[in-house]
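Colleague: Attaching a single structure in structure tokens format; questions to follow.
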Amino acid sequence: QVELVESGGGLVQAGGSLRLSCKASGRTFSNHAMAWFRQAPGKEREFVAAISWSSGSTYYADAVKGRFTISRANAENTVSLQMDTLKPEDTAVYYCSAYRSPIPRFGAAYSILPGDYWGQGTQVTVSS
């Protein structure tokens with residue numbers, strides 16, 4: 001079992017930055033790929049970014065590519081999401097997710113599927 005706790009959400013103006021962190025506990029963190037998903041009001045949960053266990057591979061949704069950066073520190077059992085140039089459409093609850101595998105699971109057309117473990121989420125609100 002892996003327990004995940006997110007932090008770093010908040011209210012920011014459009015064009016600003018936020019850094020989300022996810023602290024993992026439980027099973028060996030370094031064997032798990034990690035990802036961030038988000039869910040806006042009235043919408044389905046969507047993939048944001050993912051990173052392999054070795055940090056050798058990163059993946060981003062087109063909507064955040066070039067603005068968000070995912071990273072991890074295995075020695076500290078943390079994964080982070082640096083979010084720059086935020087837009088009002090980035091407003092959502094952001095969830096940290098861990099996979100049982102060292103790389104994320106892929107679906108059709110190389111889409112990133114949800115992970116196996118989830119945090120409780122942290123709210124990000126971007127005002128215009």
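By order in the structure tokens, chains are A, B, ...; within a chain, residues start at 1; ligands start at 1, following the order shown.
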Residues within 10 Å of Leu86 in chain A, please, as a PyMOL selection string. Count only C-alpha atoms; anything in the same chain fewer than 6 positions from it doesn't count.

Modeller: chain A and resi 12-18+64+67-68+124-128

Colleague: Can you write out the residues you just picked, keeping N, CA and C atoms, as a PDB file, in the first residue's frame?

Modeller:
ATOM      1  N   VAL A  12      -4.201  31.735  -7.051  1.00  0.00           N
ATOM      2  CA  VAL A  12      -3.169  32.512  -7.722  1.00  0.00           C
ATOM      3  C   VAL A  12      -3.793  33.235  -8.908  1.00  0.00           C
ATOM      4  N   GLN A  13      -3.218  34.362  -9.271  1.00  0.00           N
ATOM      5  CA  GLN A  13      -3.712  35.084 -10.438  1.00  0.00           C
ATOM      6  C   GLN A  13      -3.179  34.451 -11.721  1.00  0.00           C
ATOM      7  N   ALA A  14      -3.923  34.660 -12.793  1.00  0.00           N
ATOM      8  CA  ALA A  14      -3.476  34.166 -14.088  1.00  0.00           C
ATOM      9  C   ALA A  14      -2.077  34.690 -14.399  1.00  0.00           C
ATOM     10  N   GLY A  15      -1.231  33.818 -14.928  1.00  0.00           N
ATOM     11  CA  GLY A  15       0.144  34.164 -15.208  1.00  0.00           C
ATOM     12  C   GLY A  15       1.098  33.835 -14.071  1.00  0.00           C
ATOM     13  N   GLY A  16       0.553  33.509 -12.918  1.00  0.00           N
ATOM     14  CA  GLY A  16       1.372  33.194 -11.759  1.00  0.00           C
ATOM     15  C   GLY A  16       1.825  31.744 -11.740  1.00  0.00           C
ATOM     16  N   SER A  17       2.459  31.379 -10.628  1.00  0.00           N
ATOM     17  CA  SER A  17       3.037  30.043 -10.482  1.00  0.00           C
ATOM     18  C   SER A  17       2.634  29.422  -9.149  1.00  0.00           C
ATOM     19  N   LEU A  18       2.587  28.116  -9.136  1.00  0.00           N
ATOM     20  CA  LEU A  18       2.403  27.334  -7.915  1.00  0.00           C
ATOM     21  C   LEU A  18       3.243  26.074  -8.037  1.00  0.00           C
ATOM     22  N   VAL A  64      -0.738  21.375 -20.884  1.00  0.00           N
ATOM     23  CA  VAL A  64       0.201  21.924 -19.896  1.00  0.00           C
ATOM     24  C   VAL A  64       1.648  21.874 -20.373  1.00  0.00           C
ATOM     25  N   ARG A  67       4.520  24.531 -19.799  1.00  0.00           N
ATOM     26  CA  ARG A  67       4.188  25.375 -18.647  1.00  0.00           C
ATOM     27  C   ARG A  67       4.391  24.646 -17.323  1.00  0.00           C
ATOM     28  N   PHE A  68       4.158  23.338 -17.322  1.00  0.00           N
ATOM     29  CA  PHE A  68       4.289  22.537 -16.097  1.00  0.00           C
ATOM     30  C   PHE A  68       5.520  21.643 -16.199  1.00  0.00           C
ATOM     31  N   VAL A 124      -6.468  23.927  -6.665  1.00  0.00           N
ATOM     32  CA  VAL A 124      -5.757  25.011  -7.337  1.00  0.00           C
ATOM     33  C   VAL A 124      -6.798  25.891  -8.012  1.00  0.00           C
ATOM     34  N   THR A 125      -6.779  27.169  -7.672  1.00  0.00           N
ATOM     35  CA  THR A 125      -7.718  28.115  -8.259  1.00  0.00           C
ATOM     36  C   THR A 125      -6.931  29.250  -8.906  1.00  0.00           C
ATOM     37  N   VAL A 126      -7.181  29.485 -10.185  1.00  0.00           N
ATOM     38  CA  VAL A 126      -6.494  30.536 -10.928  1.00  0.00           C
ATOM     39  C   VAL A 126      -7.532  31.591 -11.308  1.00  0.00           C
ATOM     40  N   SER A 127      -7.335  32.785 -10.796  1.00  0.00           N
ATOM     41  CA  SER A 127      -8.272  33.869 -11.086  1.00  0.00           C
ATOM     42  C   SER A 127      -7.826  34.652 -12.318  1.00  0.00           C
ATOM     43  N   SER A 128      -8.803  35.173 -13.037  1.00  0.00           N
ATOM     44  CA  SER A 128      -8.486  35.928 -14.264  1.00  0.00           C
ATOM     45  C   SER A 128      -8.286  37.401 -13.995  1.00  0.00           C
TER      46      SER A 128
END

Colleague: Would you pick out the contacts of range 72-83 of chain A at 9 Å or less, using only C-alpha atoms, so that residues sharing its chain but fewer than 2 positions from it are not included, and give the list as a PyMOL selection string?

Modeller: chain A and resi 16-25+28-30+34-36+49+51+53-55+64+67-70+85-86+96

Colleague: Just give me the gap between CA of Pro41 in chain A and CA of Tyr94 in chain A in Å, one decimal is fine.

Modeller: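 That distance, rounded to one decimal, is 11.7 Å.
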
Colleague: Which residues are close to Gly119 in chain A, i.e. within 6 Å by only C-alpha atoms, leaving aside same-chain residues fewer than 2 positions away? Reply as a list in words.

Modeller: Leu4, Val5, Tyr95, Cys96 and Gly121 of chain A

Colleague: Could you dump the residues just selected with N, CA, C and O atoms as a PDB file, in the first residue's frame?

Modeller:
ATOM      1  N   LEU A   4      -0.462   8.704  -0.118  1.00  0.00           N
ATOM      2  CA  LEU A   4      -0.022   9.918  -0.794  1.00  0.00           C
ATOM      3  C   LEU A   4      -0.711  11.133  -0.176  1.00  0.00           C
ATOM      4  O   LEU A   4      -1.932  11.113   0.021  1.00  0.00           O
ATOM      5  N   VAL A   5       0.065  12.168   0.098  1.00  0.00           N
ATOM      6  CA  VAL A   5      -0.482  13.399   0.656  1.00  0.00           C
ATOM      7  C   VAL A   5       0.020  14.575  -0.173  1.00  0.00           C
ATOM      8  O   VAL A   5       1.232  14.816  -0.251  1.00  0.00           O
ATOM      9  N   TYR A  95      -4.649  15.812  -8.151  1.00  0.00           N
ATOM     10  CA  TYR A  95      -4.431  14.564  -7.440  1.00  0.00           C
ATOM     11  C   TYR A  95      -3.087  13.954  -7.801  1.00  0.00           C
ATOM     12  O   TYR A  95      -2.723  13.882  -8.973  1.00  0.00           O
ATOM     13  N   CYS A  96      -2.408  13.488  -6.801  1.00  0.00           N
ATOM     14  CA  CYS A  96      -1.180  12.715  -6.989  1.00  0.00           C
ATOM     15  C   CYS A  96      -1.563  11.242  -7.104  1.00  0.00           C
ATOM     16  O   CYS A  96      -2.464  10.765  -6.404  1.00  0.00           O
ATOM     17  N   GLY A 121      -6.099  14.978  -2.844  1.00  0.00           N
ATOM     18  CA  GLY A 121      -6.242  16.106  -3.751  1.00  0.00           C
ATOM     19  C   GLY A 121      -5.971  17.433  -3.080  1.00  0.00           C
ATOM     20  O   GLY A 121      -6.110  17.579  -1.860  1.00  0.00           O
TER      21      GLY A 121
END

Colleague: Extract the full set of strand (DSSP E or B) residues from range 30-82 of chain A according to DSSP on the backbone, and format it as a list in words.

Modeller: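 Across range 30-82 of chain A, those assigned strand (DSSP E or B) are Met34, Ala35, Trp36, Phe37, Arg38, Gln39, Glu46, Phe47, Val48, Ala49, Ala50, Ile51, Thr58, Tyr59, Tyr60, Phe68, Thr69, Ile70, Ser71, Arg72, Ala73, Thr78, Val79, Ser80, Leu81 and Gln82 of chain A.
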
Colleague: If you measure from CA of Arg38 in chain A to CA of Tyr110 in chain A, what distance in Å do you get, rounded to one decimal?

Modeller: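 Straight-line distance from CA of Arg38 in chain A to CA of Tyr110 in chain A works out to 18.5 Å.
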
Colleague: What is the CA of Pro104 in chain A-CA of Arg45 in chain A distance in Å, reported with one decimal?

Modeller: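 Interatomic distance here is 16.3 Å.
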
Colleague: Out of range 55-114 of chain A, which residues get helix (DSSP H, G or I) from DSSP, as a list of chain:residue names?

Modeller: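 Written out, the helix (DSSP H, G or I) residues of range 55-114 of chain A are A:Asn74, A:Ala75, A:Glu76, A:Pro88, A:Glu89, A:Asp90, A:Ala108, A:Ala109, A:Tyr110.
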